[in-house]
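Below is final.csv, which holds CSV, C-alpha atoms.
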chain,number,residue,atom,x,y,z
A,19,MET,CA,96.4,146.3,97.7
A,20,ILE,CA,97.4,146.1,94.0
A,21,PRO,CA,99.8,143.2,93.8
A,22,LEU,CA,102.3,142.4,91.1
A,23,MET,CA,99.9,139.7,89.9
A,24,LYS,CA,96.3,139.1,91.2
A,25,ASN,CA,95.9,135.5,89.9
A,26,ALA,CA,98.2,132.6,89.2
A,27,PHE,CA,96.4,132.0,85.9
A,28,HIS,CA,94.2,133.6,83.3
A,29,ARG,CA,90.6,132.4,84.0
A,30,GLU,CA,91.8,131.4,87.5
A,31,LEU,CA,88.9,129.3,88.9
A,32,GLU,CA,88.2,127.5,85.7
A,33,THR,CA,91.9,126.6,85.3
A,34,ARG,CA,92.2,125.4,88.9
A,35,ARG,CA,89.2,123.1,88.5
A,36,ASP,CA,90.5,121.7,85.3
A,37,LEU,CA,93.9,121.1,86.9
A,38,ALA,CA,92.4,119.3,89.8
A,39,GLU,CA,90.4,117.0,87.5
A,40,PHE,CA,93.5,116.4,85.4
A,41,ILE,CA,95.6,115.4,88.5
A,42,LEU,CA,92.9,113.0,89.6
A,43,GLU,CA,92.4,111.3,86.2
A,44,THR,CA,95.9,111.3,84.5
A,45,PRO,CA,97.8,108.0,84.9
A,46,ARG,CA,101.2,109.8,84.9
A,47,LEU,CA,102.4,113.0,86.4
A,48,SER,CA,106.1,112.9,85.3
A,49,MET,CA,107.0,114.3,81.9
A,50,ASP,CA,104.9,112.8,79.2
A,51,SER,CA,102.4,113.7,76.4
A,52,GLU,CA,101.2,117.0,77.8
A,53,CYS,CA,104.7,118.3,77.9
A,54,PHE,CA,105.5,117.2,74.4
A,55,ARG,CA,102.3,118.7,73.1
A,56,PHE,CA,103.1,122.0,74.8
A,57,GLU,CA,106.5,122.0,73.2
A,58,GLU,CA,105.0,121.6,69.7
A,59,SER,CA,102.3,124.2,70.3
A,60,PHE,CA,104.7,126.8,71.8
A,61,ALA,CA,107.2,126.4,68.9
A,62,GLN,CA,104.3,127.0,66.5
A,63,GLN,CA,103.2,130.0,68.5
A,64,GLN,CA,106.7,131.5,68.5
A,65,GLY,CA,107.3,130.6,64.9
A,66,ARG,CA,110.4,128.5,65.5
A,67,GLY,CA,111.4,125.0,64.5
A,68,ASP,CA,111.6,123.4,68.0
A,69,ALA,CA,110.9,124.1,71.6
A,70,VAL,CA,112.3,122.2,74.6
A,71,LEU,CA,110.5,122.5,78.0
A,72,PHE,CA,112.2,122.9,81.3
A,73,ASN,CA,111.2,123.2,85.0
A,74,SER,CA,112.0,126.9,85.1
A,75,GLY,CA,113.3,129.8,83.0
A,76,GLY,CA,116.5,129.8,85.0
A,77,SER,CA,116.9,126.1,84.2
A,78,ALA,CA,116.4,127.0,80.5
A,79,ASN,CA,119.2,129.5,80.7
A,80,LEU,CA,121.6,127.0,82.4
A,81,ALA,CA,120.7,124.2,79.9
A,82,LEU,CA,121.2,126.5,76.9
A,83,LEU,CA,124.7,127.5,77.9
A,84,GLN,CA,125.6,123.9,78.9
A,85,ALA,CA,124.3,122.6,75.6
A,86,LEU,CA,126.4,125.1,73.7
A,87,LYS,CA,129.5,124.0,75.7
A,88,ASN,CA,128.7,120.3,75.1
A,89,LEU,CA,128.6,121.0,71.4
A,90,GLY,CA,131.9,122.9,71.5
A,91,ARG,CA,130.4,126.2,70.4
A,92,LEU,CA,131.5,127.7,73.8
A,93,ARG,CA,134.5,126.8,75.8
A,94,ASP,CA,136.2,127.5,79.1
A,95,GLU,CA,137.3,131.1,79.6
A,96,ASP,CA,135.3,132.4,76.6
A,97,LEU,CA,134.1,136.0,77.1
A,98,ILE,CA,130.3,136.0,77.2
A,99,GLY,CA,128.6,139.3,76.9
A,100,PHE,CA,125.4,139.8,78.8
A,101,SER,CA,122.9,142.7,79.2
A,102,ALA,CA,124.0,144.6,82.3
A,103,LEU,CA,120.3,145.1,83.3
A,104,THR,CA,119.2,141.5,83.7
A,105,TRP,CA,118.4,138.7,86.1
A,106,ALA,CA,120.8,136.6,88.1
A,107,THR,CA,120.1,133.4,86.3
A,108,ASN,CA,121.5,134.9,83.1
A,109,VAL,CA,124.9,135.6,84.6
A,110,MET,CA,125.4,132.8,87.2
A,111,PRO,CA,125.5,130.0,84.6
A,112,ILE,CA,128.3,131.9,82.7
A,113,VAL,CA,130.4,131.8,85.9
A,114,GLN,CA,129.3,128.3,87.0
A,115,LEU,CA,130.3,126.9,83.6
A,116,ASN,CA,133.8,128.5,83.8
A,117,MET,CA,133.3,131.3,81.3
A,118,GLN,CA,133.9,135.0,81.8
A,119,PRO,CA,130.9,137.4,82.2
A,120,VAL,CA,131.3,140.7,80.3
A,121,PRO,CA,128.5,143.2,80.9
A,122,VAL,CA,127.1,145.3,78.0
A,123,ASP,CA,125.6,148.6,79.1
A,124,CYS,CA,122.0,149.6,78.3
A,125,ASP,CA,120.1,152.7,77.2
A,126,PRO,CA,117.9,154.1,80.0
A,127,GLN,CA,115.3,155.2,77.5
A,128,THR,CA,114.8,151.7,76.1
A,129,LEU,CA,115.9,149.7,79.2
A,130,ASN,CA,117.9,147.5,76.8
A,131,CYS,CA,121.2,147.0,75.2
A,132,MET,CA,121.3,148.9,71.9
A,133,SER,CA,123.6,148.2,69.0
A,134,GLU,CA,125.7,151.2,69.9
A,135,ASN,CA,126.2,149.8,73.5
A,136,LEU,CA,127.4,146.5,71.9
A,137,LEU,CA,129.7,148.3,69.5
A,138,GLU,CA,131.2,150.3,72.4
A,139,ARG,CA,132.0,147.1,74.3
A,140,LEU,CA,133.5,145.5,71.2
A,141,ARG,CA,135.9,148.4,70.8
A,142,THR,CA,137.9,146.9,73.7
A,143,THR,CA,136.6,143.4,74.2
A,144,ASP,CA,136.2,140.5,71.8
A,145,LEU,CA,133.1,138.5,72.7
A,146,LYS,CA,132.5,134.9,71.8
A,147,CYS,CA,128.8,135.1,72.7
A,148,PHE,CA,126.2,137.8,73.6
A,149,PHE,CA,123.4,136.7,75.9
A,150,LEU,CA,120.9,139.4,75.4
A,151,THR,CA,118.0,140.1,77.7
A,152,ASN,CA,114.8,141.7,76.4
A,153,VAL,CA,113.8,143.6,79.5
A,154,LEU,CA,110.2,144.0,80.8
A,155,GLY,CA,108.5,143.7,77.4
A,156,PHE,CA,110.9,146.2,75.7
A,157,CYS,CA,113.8,145.4,73.5
A,158,GLY,CA,116.8,147.0,71.8
A,159,ASP,CA,117.3,147.4,68.0
A,160,LEU,CA,117.6,143.6,67.6
A,161,GLN,CA,117.9,143.6,63.8
A,162,ASN,CA,121.1,145.8,64.1
A,163,ILE,CA,122.4,143.7,67.0
A,164,ARG,CA,121.9,140.5,65.0
A,165,LYS,CA,123.8,142.0,62.0
A,166,ILE,CA,126.8,143.0,64.2
A,167,CYS,CA,126.9,139.5,65.7
A,168,GLU,CA,126.8,137.9,62.3
A,169,GLU,CA,129.5,140.1,60.9
A,170,ARG,CA,131.8,139.4,63.9
A,171,ASP,CA,131.0,135.8,64.3
A,172,ILE,CA,129.5,136.3,67.8
A,173,LEU,CA,127.0,133.7,68.9
A,174,LEU,CA,123.8,135.6,69.7
A,175,ILE,CA,121.3,134.1,72.2
A,176,GLU,CA,118.3,135.8,73.8
A,177,ASP,CA,116.6,135.8,77.2
A,178,ASN,CA,113.0,136.5,76.2
A,179,CYS,CA,111.5,135.6,79.6
A,180,GLU,CA,110.1,139.1,80.1
A,181,SER,CA,109.0,139.9,76.5
A,182,LEU,CA,106.9,137.0,75.3
A,183,GLY,CA,104.6,138.4,72.7
A,184,THR,CA,106.6,141.5,71.9
A,185,GLU,CA,107.1,142.2,68.2
A,186,THR,CA,109.2,144.5,66.1
A,187,PRO,CA,108.7,145.2,62.4
A,188,ALA,CA,111.6,142.7,61.8
A,189,GLY,CA,109.9,139.9,63.8
A,190,LYS,CA,109.1,138.6,67.3
A,191,THR,CA,111.5,139.0,70.1
A,192,GLY,CA,113.1,135.7,70.9
A,193,ASN,CA,113.6,135.0,67.2
A,194,PHE,CA,116.8,137.0,66.5
A,195,GLY,CA,119.4,134.6,67.9
A,196,ALA,CA,120.5,131.0,67.6
A,197,ALA,CA,118.1,130.3,70.5
A,198,ALA,CA,116.0,132.0,73.1
A,199,THR,CA,114.8,131.2,76.6
A,200,PHE,CA,111.3,131.9,78.0
A,201,SER,CA,109.8,131.8,81.5
A,202,PHE,CA,106.3,130.7,82.6
A,203,TYR,CA,106.8,131.8,86.2
A,204,VAL,CA,103.5,132.7,87.9
A,205,ALA,CA,103.9,136.5,87.5
A,206,HIS,CA,104.9,136.4,83.8
A,207,HIS,CA,102.8,136.6,80.6
A,208,MET,CA,101.5,133.1,81.0
A,209,SER,CA,101.8,130.9,84.0
A,210,THR,CA,102.6,127.2,84.6
A,211,ILE,CA,103.5,128.1,88.2
A,212,GLU,CA,107.1,127.4,87.4
A,213,GLY,CA,108.4,126.4,83.9
A,214,GLY,CA,110.7,127.5,81.1
A,215,MET,CA,111.4,126.9,77.4
A,216,VAL,CA,114.2,127.1,74.9
A,217,CYS,CA,113.2,127.8,71.3
A,218,THR,CA,115.5,127.3,68.4
A,219,ASP,CA,115.6,126.4,64.7
A,220,ASP,CA,118.8,124.4,65.2
A,221,GLU,CA,118.0,120.7,65.3
A,222,GLU,CA,121.5,119.7,66.7
A,223,LEU,CA,121.1,122.2,69.6
A,224,ALA,CA,117.6,121.1,70.4
A,225,GLU,CA,118.8,117.5,70.5
A,226,MET,CA,121.6,118.4,72.9
A,227,LEU,CA,119.2,120.5,75.1
A,228,ARG,CA,117.1,117.3,75.5
A,229,ILE,CA,120.2,115.4,76.6
A,230,VAL,CA,121.2,118.1,79.0
A,231,ARG,CA,117.6,118.3,80.4
A,232,ALA,CA,117.6,114.6,81.4
A,233,ASN,CA,120.9,113.8,83.1
A,234,GLY,CA,122.8,113.3,79.8
A,235,TRP,CA,120.5,110.4,78.7
A,236,ASP,CA,119.1,109.9,75.3
A,237,ARG,CA,115.5,109.6,76.6
A,238,ASN,CA,113.0,111.8,74.7
A,239,LEU,CA,115.2,111.9,71.6
A,240,LYS,CA,113.9,110.7,68.3
A,241,ALA,CA,114.7,107.0,67.5
A,242,SER,CA,117.2,108.1,64.8
A,243,GLN,CA,119.0,110.3,67.3
A,244,GLN,CA,119.1,107.6,69.9
A,245,LEU,CA,120.6,105.2,67.3
A,246,LYS,CA,123.3,107.7,66.5
A,247,TRP,CA,124.4,108.2,70.1
A,248,ARG,CA,124.2,104.5,71.0
A,249,SER,CA,126.2,103.5,67.9
A,250,LYS,CA,128.8,106.2,68.6
A,251,PHE,CA,129.5,104.9,72.1
A,252,GLY,CA,128.9,101.2,71.5
A,253,VAL,CA,125.8,100.9,73.6
A,254,LYS,CA,124.4,97.6,72.4
A,255,GLY,CA,120.7,97.8,73.1
A,256,GLU,CA,117.7,99.2,75.0
A,257,PHE,CA,118.7,97.6,78.3
A,258,GLU,CA,122.2,99.1,78.3
A,259,ALA,CA,120.8,102.4,77.1
A,260,LYS,CA,118.6,102.8,80.2
A,261,TYR,CA,121.6,104.1,82.2
A,262,ALA,CA,123.9,105.4,79.5
A,263,PHE,CA,125.0,109.0,80.0
A,264,TYR,CA,126.4,110.7,76.8
A,265,ASP,CA,127.3,114.2,77.9
A,266,LEU,CA,127.0,116.6,80.8
A,267,GLY,CA,123.5,117.3,82.0
A,268,TYR,CA,121.2,117.8,84.9
A,269,ASN,CA,117.7,116.8,86.0
A,270,LEU,CA,115.8,119.9,84.7
A,271,ARG,CA,112.6,118.1,83.6
A,272,PRO,CA,109.2,119.5,84.0
A,273,THR,CA,106.1,117.6,85.1
A,274,GLU,CA,102.9,116.9,83.3
A,275,ILE,CA,101.3,119.6,85.5
A,276,THR,CA,103.6,122.1,83.7
A,277,GLY,CA,102.6,120.7,80.3
A,278,PHE,CA,98.9,120.7,81.1
A,279,LEU,CA,99.0,124.3,82.4
A,280,GLY,CA,101.0,125.4,79.4
A,281,ASN,CA,98.6,123.9,77.0
A,282,ARG,CA,95.7,125.4,78.9
A,283,GLN,CA,97.1,128.9,79.2
A,284,LEU,CA,98.7,129.2,75.7
A,285,GLN,CA,95.2,129.4,74.2
A,286,TYR,CA,94.7,132.8,76.0
A,287,LEU,CA,98.1,134.3,75.2
A,288,ASP,CA,97.2,136.4,72.3
A,289,ALA,CA,94.2,137.9,74.1
A,290,THR,CA,96.2,138.6,77.2
A,291,VAL,CA,99.0,140.2,75.3
A,292,GLN,CA,96.5,142.6,73.6
A,293,ALA,CA,95.0,143.4,77.0
A,294,ARG,CA,98.4,144.1,78.6
A,295,ALA,CA,99.4,146.3,75.6
A,296,ALA,CA,96.2,148.4,75.9
A,297,ILE,CA,96.8,148.9,79.6
A,298,HIS,CA,100.4,149.8,79.0
A,299,ALA,CA,99.4,152.4,76.4
A,300,ARG,CA,96.9,154.0,78.7
A,301,LEU,CA,99.4,154.3,81.6
A,302,ASP,CA,102.2,155.3,79.2
A,303,ALA,CA,100.2,158.3,78.1
A,304,VAL,CA,99.8,159.4,81.8
A,305,SER,CA,103.6,158.9,82.6
A,306,ARG,CA,104.6,161.1,79.6
A,307,GLU,CA,102.8,164.0,81.1
A,308,ASN,CA,105.0,163.9,84.2
A,309,SER,CA,108.4,165.7,83.9
A,310,ASP,CA,109.7,163.8,86.9
A,311,LEU,CA,109.8,160.7,84.7
A,312,VAL,CA,112.1,159.7,81.8
A,313,PRO,CA,109.9,159.0,78.8
A,314,LEU,CA,110.7,155.5,77.5
A,315,ASP,CA,111.3,154.9,73.9
A,316,HIS,CA,109.4,152.0,72.2
A,317,SER,CA,109.0,153.5,68.8
A,318,HIS,CA,110.9,150.6,67.3
A,319,ILE,CA,108.4,148.1,68.8
A,320,SER,CA,105.2,147.3,67.0
A,321,VAL,CA,103.6,145.2,69.8
A,322,LEU,CA,104.7,145.9,73.4
A,323,SER,CA,103.9,142.9,75.6
A,324,SER,CA,104.7,143.7,79.2
A,325,PHE,CA,103.7,142.1,82.4
A,326,ALA,CA,105.0,145.2,84.3
A,327,PHE,CA,105.1,148.9,83.9
A,328,PRO,CA,108.5,150.4,84.4
A,329,ILE,CA,109.0,153.9,85.8
A,330,VAL,CA,112.3,155.7,85.4
A,331,CYS,CA,112.7,158.8,87.6
A,332,ARG,CA,115.1,161.7,86.9
A,333,SER,CA,117.0,161.1,90.2
A,334,GLU,CA,117.2,158.7,93.1
A,335,ALA,CA,115.6,161.3,95.4
A,336,VAL,CA,112.6,161.5,93.1
A,337,ARG,CA,112.5,157.7,92.9
A,338,ASP,CA,112.4,157.5,96.6
A,339,GLY,CA,109.4,159.8,96.7
A,340,TYR,CA,107.5,157.7,94.2
A,341,VAL,CA,108.3,154.5,96.1
A,342,HIS,CA,106.7,156.2,99.2
A,343,ARG,CA,103.7,157.3,97.2
A,344,PHE,CA,103.0,153.8,95.6
A,345,ALA,CA,103.5,152.1,98.9
A,346,GLY,CA,101.1,154.5,100.6
A,347,ALA,CA,98.5,153.7,97.9
A,348,GLY,CA,98.9,149.9,98.4
A,349,VAL,CA,100.7,149.3,95.2
A,350,GLU,CA,103.3,146.5,95.2
A,351,ILE,CA,106.4,147.7,93.4
A,352,ARG,CA,109.9,146.3,92.6
A,353,PRO,CA,113.3,147.6,91.5
A,354,ILE,CA,113.8,147.3,87.7
A,355,ILE,CA,114.8,143.6,87.9
A,356,ALA,CA,118.4,143.2,89.3
A,357,GLY,CA,119.6,146.7,88.3
A,358,ASN,CA,123.3,146.9,87.4
A,359,MET,CA,124.4,143.3,87.8
A,360,GLN,CA,127.9,144.3,88.8
A,361,ARG,CA,126.4,145.8,92.0
A,362,GLN,CA,124.9,142.5,93.1
A,363,PRO,CA,126.7,140.9,96.1
A,364,PHE,CA,127.8,137.7,94.3
A,365,TYR,CA,129.2,139.4,91.2
A,366,SER,CA,132.5,140.9,92.4
A,367,ARG,CA,133.5,137.6,94.0
A,368,TYR,CA,133.6,135.8,90.6
A,369,ALA,CA,134.1,138.4,87.9
A,370,GLN,CA,137.6,139.1,86.7
A,371,ARG,CA,136.9,142.7,85.7
A,372,MET,CA,134.5,145.5,86.4
A,373,TYR,CA,133.2,147.9,83.8
A,374,ASP,CA,131.8,151.4,83.7
A,375,LEU,CA,128.1,151.1,83.1
A,376,PRO,CA,126.4,154.5,83.4
A,377,GLY,CA,123.1,153.4,81.8
A,378,ALA,CA,122.6,150.4,84.1
A,379,ASP,CA,123.7,152.5,87.1
A,380,PHE,CA,121.1,155.1,86.3
A,381,LEU,CA,118.3,152.5,86.1
A,382,HIS,CA,119.6,150.7,89.2
A,383,SER,CA,119.2,153.9,91.2
A,384,ASN,CA,116.2,155.5,89.6
A,385,GLY,CA,113.8,152.7,88.4
A,386,VAL,CA,110.8,150.8,89.7
A,387,TYR,CA,108.0,148.8,88.2
A,388,PHE,CA,104.5,147.6,89.1
A,389,GLY,CA,102.4,144.8,87.6
A,390,VAL,CA,100.3,145.0,84.4
A,391,TYR,CA,97.7,142.3,83.8
A,392,PRO,CA,94.2,142.0,82.4
A,393,GLU,CA,92.6,141.7,85.9
A,394,LEU,CA,93.3,145.3,86.8
A,395,THR,CA,90.1,147.1,87.4
A,396,GLU,CA,89.1,150.6,86.4
A,397,SER,CA,89.6,151.6,90.1
A,398,ASP,CA,93.1,150.0,90.0
A,399,LEU,CA,94.0,151.9,86.9
A,400,ASN,CA,92.9,155.2,88.4
A,401,ILE,CA,95.0,154.6,91.4
A,402,LEU,CA,98.0,153.7,89.3
A,403,SER,CA,97.5,156.7,87.1
A,404,GLY,CA,97.2,158.9,90.2
A,405,CYS,CA,100.5,157.6,91.6
A,406,MET,CA,102.2,158.7,88.4
A,407,THR,CA,101.1,162.3,88.4
A,408,SER,CA,103.7,164.9,89.1
A,409,TYR,CA,105.5,164.4,92.5
A,410,SER,CA,105.7,167.3,94.9
A,411,VAL,CA,108.8,167.6,97.1
A,412,SER,CA,106.6,168.5,100.0
A,413,GLU,CA,104.8,165.2,99.7
A,414,ALA,CA,107.9,163.3,100.9
A,415,ALA,CA,108.1,165.4,104.0

Written as structure tokens, that's how I'd like the structure from this file.
Amino acid sequence: MIPLMKNAFHRELETRRDLAEFILETPRLSMDSECFRFEESFAQQQGRGDAVLFNSGGSANLALLQALKNLGRLRDEDLIGFSALTWATNVMPIVQLNMQPVPVDCDPQTLNCMSENLLERLRTTDLKCFFLTNVLGFCGDLQNIRKICEERDILLIEDNCESLGTETPAGKTGNFGAAATFSFYVAHHMSTIEGGMVCTDDEELAEMLRIVRANGWDRNLKASQQLKWRSKFGVKGEFEAKYAFYDLGYNLRPTEITGFLGNRQLQYLDATVQARAAIHARLDAVSRENSDLVPLDHSHISVLSSFAFPIVCRSEAVRDGYVHRFAGAGVEIRPIIAGNMQRQPFYSRYAQRMYDLPGADFLHSNGVYFGVYPELTESDLNILSGCMTSYSVSEAA
């Protein structure tokens, strides 16, 4: 069996032993110094001014949209564009927060929304915000997308949960919008088991994210920020502030286990990104020799950091043949994330309008992926390469 991910952590045994020792010795397991240190280190790693840690990437998405509403930058019934090929927790918060989801189609050769896809949607629909997903280590032409959003006063935010470490000549993915979310789920680039982050250069937004994360409290804010909120609402002192709630929020806090693992795994991130990129390049060369498969375009990406290898077949029938072949070889595979989000069972119940999305439909029907990680052996890579050689129609029979 070649699973999506062999280990929960890089340097698995060493990390588990260190975690066990930490749990036995630390005086506090609720959010504390390990979490705050991870926030500082991750912001530095990403090259942004601030980072706010959450208990999952999905929570980071929810908190980001809630914080933007709390600040008045988004409002009820606003039209929020989103990448049609994405994950459910990018779209559900739009609906849950009483805004209208508007899908933007993607290019099957890049897996991502491109500037021309955004311009096509803007010909008929005025968006207040565009929540862009950087899919499976790939991305669109982010510099052009950012320019369009700036020119049209569209708030750009990124879901970079699947592309941590990917770089373009214009900068790292996750650094093109007002904020970006990240995931540290166990099968992603680095694992804290569960965990997520929002990065931003906007101090006001980071402040509100910390309020949203902790039930609307001012806990974990700087002293000057606490004074501002308490003065604004007439909260007299520390005792009254213990249970003062300043805006809408949730309990989305991580634990010290999340922070400890984040600090432990972050030191390996650069090395694992390089290892994944090398494996991806090797497999990419094999896939390009197969006329059954659509060659993916990453010419605009300087560092491709992927925890999965996507395969896009020419037709659904061919895709089914490869699904059979991979399963027979013991390779765990998945659809290309949620496919066309409009085809998910929940979507039509809540969306006010459906759109034509040929690119997302093509990927929904014809795409799969398998895991890419440093622990893949030479034998594993040979099996994966063999599964990507040209498919024979007779093989399916």

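Of the listed residues (A:Val120, A:Val204, A:Leu182, A:Leu89), A:Leu182 comes nearest to Asp288 (chain A); the distances count all atoms listed in the file.
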
Study note, to complete from the structure: Using only C-alpha atoms, the shortest atom-to-atom distance to Asn358 (chain A) among A:Val253, A:Leu129, A:Ile275, A:Cys405 belongs to A:Leu129

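The residue that comes closest to Ser403 (chain A), out of A:Asn281, A:Thr142, A:Asn308, A:Gln64 and on the basis of only C-alpha atoms, is A:Asn308.
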
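Minimum atom-to-atom distances from A:Met215, A:Leu136, A:Ala197, A:Cys53 to Gly76 (chain A) were compared using only C-alpha atoms, and the lowest value belongs to A:Met215.
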
Between region 256-330 of chain A and region 231-250 of chain A, at 7 Å or less, what are the per-residue closest atom pairs and their distances in Å? Count all atoms listed in the file, order by chain and rising residue number, and return it as JSON lines.
{"residue": "A:Ala262", "atom": "CA", "partner": "A:Trp235", "partner_atom": "CA", "distance": 6.1}
{"residue": "A:Phe263", "atom": "CA", "partner": "A:Gly234", "partner_atom": "CA", "distance": 4.8}
{"residue": "A:Tyr264", "atom": "CA", "partner": "A:Gly234", "partner_atom": "CA", "distance": 5.4}
{"residue": "A:Asp265", "atom": "CA", "partner": "A:Gly234", "partner_atom": "CA", "distance": 5.0}
{"residue": "A:Leu266", "atom": "CA", "partner": "A:Gly234", "partner_atom": "CA", "distance": 5.4}
{"residue": "A:Gly267", "atom": "CA", "partner": "A:Asn233", "partner_atom": "CA", "distance": 4.5}
{"residue": "A:Tyr268", "atom": "CA", "partner": "A:Asn233", "partner_atom": "CA", "distance": 4.4}
{"residue": "A:Asn269", "atom": "CA", "partner": "A:Ala232", "partner_atom": "CA", "distance": 5.1}
{"residue": "A:Leu270", "atom": "CA", "partner": "A:Arg231", "partner_atom": "CA", "distance": 4.9}
{"residue": "A:Arg271", "atom": "CA", "partner": "A:Arg231", "partner_atom": "CA", "distance": 5.9}

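Of note, CA of Pro45 (chain A) and CA of Ser59 (chain A) are spaced 22.3 Å apart.
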
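Reported to one decimal place, the separation of CA of Met19 (chain A) from CA of Ala335 (chain A) is 24.5 Å.
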
Output as a CSV table (one decimal), keeping the file's coordinate frame: region 360-382 of chain A, completed with N, CA and C atoms.
chain,number,residue,atom,x,y,z
A,360,GLN,N,126.6,144.2,88.1
A,360,GLN,CA,127.9,144.3,88.8
A,360,GLN,C,127.7,144.7,90.3
A,361,ARG,N,126.6,145.3,90.6
A,361,ARG,CA,126.4,145.8,92.0
A,361,ARG,C,125.7,144.7,92.8
A,362,GLN,N,125.4,143.6,92.3
A,362,GLN,CA,124.9,142.5,93.1
A,362,GLN,C,126.0,141.8,93.9
A,363,PRO,N,125.6,141.4,95.1
A,363,PRO,CA,126.7,140.9,96.1
A,363,PRO,C,127.6,139.8,95.5
A,364,PHE,N,127.0,138.9,94.8
A,364,PHE,CA,127.8,137.7,94.3
A,364,PHE,C,128.8,138.1,93.2
A,365,TYR,N,128.6,139.2,92.5
A,365,TYR,CA,129.2,139.4,91.2
A,365,TYR,C,130.7,139.6,91.4
A,366,SER,N,131.1,140.5,92.3
A,366,SER,CA,132.5,140.9,92.4
A,366,SER,C,133.4,139.7,92.9
A,367,ARG,N,132.8,138.7,93.5
A,367,ARG,CA,133.5,137.6,94.0
A,367,ARG,C,134.0,136.7,92.8
A,368,TYR,N,133.3,136.7,91.7
A,368,TYR,CA,133.6,135.8,90.6
A,368,TYR,C,134.1,136.5,89.3
A,369,ALA,N,133.7,137.7,89.1
A,369,ALA,CA,134.1,138.4,87.9
A,369,ALA,C,135.5,138.8,87.9
A,370,GLN,N,136.2,138.7,86.8
A,370,GLN,CA,137.6,139.1,86.7
A,370,GLN,C,137.8,140.6,86.5
A,371,ARG,N,136.8,141.2,86.0
A,371,ARG,CA,136.9,142.7,85.7
A,371,ARG,C,135.6,143.4,85.9
A,372,MET,N,135.7,144.6,86.3
A,372,MET,CA,134.5,145.5,86.4
A,372,MET,C,134.5,146.5,85.4
A,373,TYR,N,133.4,147.0,84.9
A,373,TYR,CA,133.2,147.9,83.8
A,373,TYR,C,132.4,149.1,84.2
A,374,ASP,N,132.6,150.2,83.5
A,374,ASP,CA,131.8,151.4,83.7
A,374,ASP,C,130.5,151.2,83.0
A,375,LEU,N,129.4,151.3,83.7
A,375,LEU,CA,128.1,151.1,83.1
A,375,LEU,C,127.1,152.2,83.6
A,376,PRO,N,127.2,153.4,83.0
A,376,PRO,CA,126.4,154.5,83.4
A,376,PRO,C,124.9,154.3,83.2
A,377,GLY,N,124.5,153.7,82.1
A,377,GLY,CA,123.1,153.4,81.8
A,377,GLY,C,122.5,152.5,82.9
A,378,ALA,N,123.2,151.4,83.1
A,378,ALA,CA,122.6,150.4,84.1
A,378,ALA,C,122.7,151.0,85.5
A,379,ASP,N,123.7,151.8,85.8
A,379,ASP,CA,123.7,152.5,87.1
A,379,ASP,C,122.5,153.4,87.3
A,380,PHE,N,122.2,154.2,86.2
A,380,PHE,CA,121.1,155.1,86.3
A,380,PHE,C,119.7,154.4,86.6
A,381,LEU,N,119.5,153.2,85.9
A,381,LEU,CA,118.3,152.5,86.1
A,381,LEU,C,118.3,151.8,87.5
A,382,HIS,N,119.5,151.4,87.9
A,382,HIS,CA,119.6,150.7,89.2
A,382,HIS,C,119.1,151.7,90.3
